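Okay, query_0.pdb now, which holds PDB, C-alpha atoms:
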```
ATOM      1  CA  MET L   1     -13.279  28.500 231.165  1.00  0.00           C
ATOM      2  CA  GLU L   2     -16.895  27.675 231.807  1.00  0.00           C
ATOM      3  CA  TRP L   3     -18.426  24.220 231.626  1.00  0.00           C
ATOM      4  CA  ALA L   4     -22.018  23.289 230.819  1.00  0.00           C
ATOM      5  CA  ALA L   5     -24.125  20.161 231.083  1.00  0.00           C
ATOM      6  CA  VAL L   6     -24.873  18.928 227.553  1.00  0.00           C
ATOM      7  CA  ARG L   7     -27.103  16.118 226.306  1.00  0.00           C
ATOM      8  CA  TYR L   8     -26.025  14.426 223.076  1.00  0.00           C
ATOM      9  CA  GLY L   9     -28.878  13.089 220.976  1.00  0.00           C
ATOM     10  CA  THR L  10     -30.206   9.785 222.257  1.00  0.00           C
ATOM     11  CA  SER L  11     -27.427   9.118 224.774  1.00  0.00           C
ATOM     12  CA  ARG L  12     -28.564   7.014 227.697  1.00  0.00           C
ATOM     13  CA  ALA L  13     -25.693   8.274 229.821  1.00  0.00           C
ATOM     14  CA  GLY L  14     -27.484  11.529 230.514  1.00  0.00           C
ATOM     15  CA  ALA L  15     -25.843  14.915 230.401  1.00  0.00           C
ATOM     16  CA  VAL L  16     -22.063  15.282 230.313  1.00  0.00           C
ATOM     17  CA  GLU L  17     -19.952  18.303 231.219  1.00  0.00           C
ATOM     18  CA  ALA L  18     -18.452  20.062 228.179  1.00  0.00           C
ATOM     19  CA  PRO L  19     -16.210  23.137 228.021  1.00  0.00           C
ATOM     20  CA  LEU L  20     -17.553  26.370 226.559  1.00  0.00           C
ATOM     21  CA  TYR L  21     -14.932  28.284 224.576  1.00  0.00           C
ATOM     22  CA  ARG L  22     -14.918  32.006 223.827  1.00  0.00           C
ATOM     23  CA  THR L  23     -14.814  33.083 220.184  1.00  0.00           C
ATOM     24  CA  ALA L  24     -11.429  34.736 220.831  1.00  0.00           C
ATOM     25  CA  ASP L  25     -10.034  31.377 222.035  1.00  0.00           C
ATOM     26  CA  ILE L  26     -11.153  29.673 218.837  1.00  0.00           C
ATOM     27  CA  ASP L  27      -9.835  32.506 216.649  1.00  0.00           C
ATOM     28  CA  ALA L  28      -6.405  32.216 218.331  1.00  0.00           C
ATOM     29  CA  LEU L  29      -6.045  28.496 217.560  1.00  0.00           C
ATOM     30  CA  SER L  30      -4.592  28.882 214.075  1.00  0.00           C
ATOM     31  CA  THR L  31      -1.816  31.124 215.412  1.00  0.00           C
ATOM     32  CA  ALA L  32      -1.155  28.980 218.469  1.00  0.00           C
ATOM     33  CA  HIS L  33      -1.074  25.734 216.455  1.00  0.00           C
ATOM     34  CA  PRO L  34       0.205  26.382 212.922  1.00  0.00           C
ATOM     35  CA  GLU L  35       1.095  22.667 212.711  1.00  0.00           C
ATOM     36  CA  ALA L  36      -2.596  21.805 212.499  1.00  0.00           C
ATOM     37  CA  GLY L  37      -4.069  21.423 209.012  1.00  0.00           C
ATOM     38  CA  TRP L  38      -6.929  23.892 209.379  1.00  0.00           C
ATOM     39  CA  GLU L  39      -8.430  23.192 205.974  1.00  0.00           C
ATOM     40  CA  GLU L  40      -8.393  19.476 206.817  1.00  0.00           C
ATOM     41  CA  LEU L  41     -10.080  20.204 210.149  1.00  0.00           C
ATOM     42  CA  ARG L  42     -12.874  22.094 208.450  1.00  0.00           C
ATOM     43  CA  GLN L  43     -13.602  18.976 206.365  1.00  0.00           C
ATOM     44  CA  VAL L  44     -14.085  16.616 209.351  1.00  0.00           C
ATOM     45  CA  GLU L  45     -17.557  15.126 209.213  1.00  0.00           C
ATOM     46  CA  LYS L  46     -19.924  14.873 212.132  1.00  0.00           C
ATOM     47  CA  GLY L  47     -19.083  11.924 214.377  1.00  0.00           C
ATOM     48  CA  ARG L  48     -15.475  11.619 213.133  1.00  0.00           C
ATOM     49  CA  ARG L  49     -12.451  11.982 215.398  1.00  0.00           C
ATOM     50  CA  SER L  50     -10.707  15.318 215.059  1.00  0.00           C
ATOM     51  CA  PRO L  51      -7.072  15.373 213.925  1.00  0.00           C
ATOM     52  CA  LEU L  52      -6.535  17.783 216.837  1.00  0.00           C
ATOM     53  CA  ALA L  53      -6.842  14.812 219.168  1.00  0.00           C
ATOM     54  CA  ALA L  54      -3.333  13.754 218.085  1.00  0.00           C
ATOM     55  CA  LEU L  55      -1.740  17.067 219.102  1.00  0.00           C
ATOM     56  CA  ARG L  56       0.196  17.128 222.342  1.00  0.00           C
ATOM     57  CA  PRO L  57       0.040  20.143 224.635  1.00  0.00           C
ATOM     58  CA  LYS L  58       3.179  22.262 224.743  1.00  0.00           C
ATOM     59  CA  GLU L  59       5.256  21.513 227.804  1.00  0.00           C
ATOM     60  CA  LYS L  60       5.576  24.396 230.204  1.00  0.00           C
ATOM     61  CA  THR L  61       9.051  25.189 231.426  1.00  0.00           C
ATOM     62  CA  ALA L  62       9.486  25.973 235.090  1.00  0.00           C
ATOM     63  CA  SER L  63      10.640  29.505 235.738  1.00  0.00           C
ATOM     64  CA  VAL L  64      13.039  30.074 238.589  1.00  0.00           C
TER      65      VAL L  64
END
```

Take the structure from the file and write it as structure tokens.
Amino acid sequence: MEWAAVRYGTSRAGAVEAPLYRTADIDALSTAHPEAGWEELRQVEKGRRSPLAALRPKEKTASV
């Protein structure tokens, strides 16, 4: 994954590093996370916290 320096509007903090996602990564989200309400996500207004923030990453099991 690539990261890029991004400036948000009138932020005084300067640029922050943000991840750049490939279109294929975004397209795969609905399959990878069927528990997410995708229609609800599409309705989130600018500046509002995404419901995805409440999702927990899947735990990886150690292979022996």

Tell me which protein, DNA and RNA residues are within 9 Å of segment 15-17 of chain L, counting all atoms listed in the file, leaving out same-chain ones fewer than 2 positions away, and put them as a PyMOL selection string.
-> chain L and resi 3-8+11-13+19

Enumerate, as a PyMOL selection string, the residues matched when the PyMOL selection byres ((chain L and resi 29-40) around 10) is run on the file above.
-> chain L and resi 24-28+41-44+50-52+54-55+57-58

Can you sort out the box for segment 7-15 of chain L, edges along x, y and z, all listed atoms in, 5 Å on every side, with centre and edge lengths in Å to one decimal, as AutoDock Vina command-line options?
```
--center_x -27.9 --center_y 11.6 --center_z 225.7 --size_x 14.5 --size_y 19.1 --size_z 19.5
```
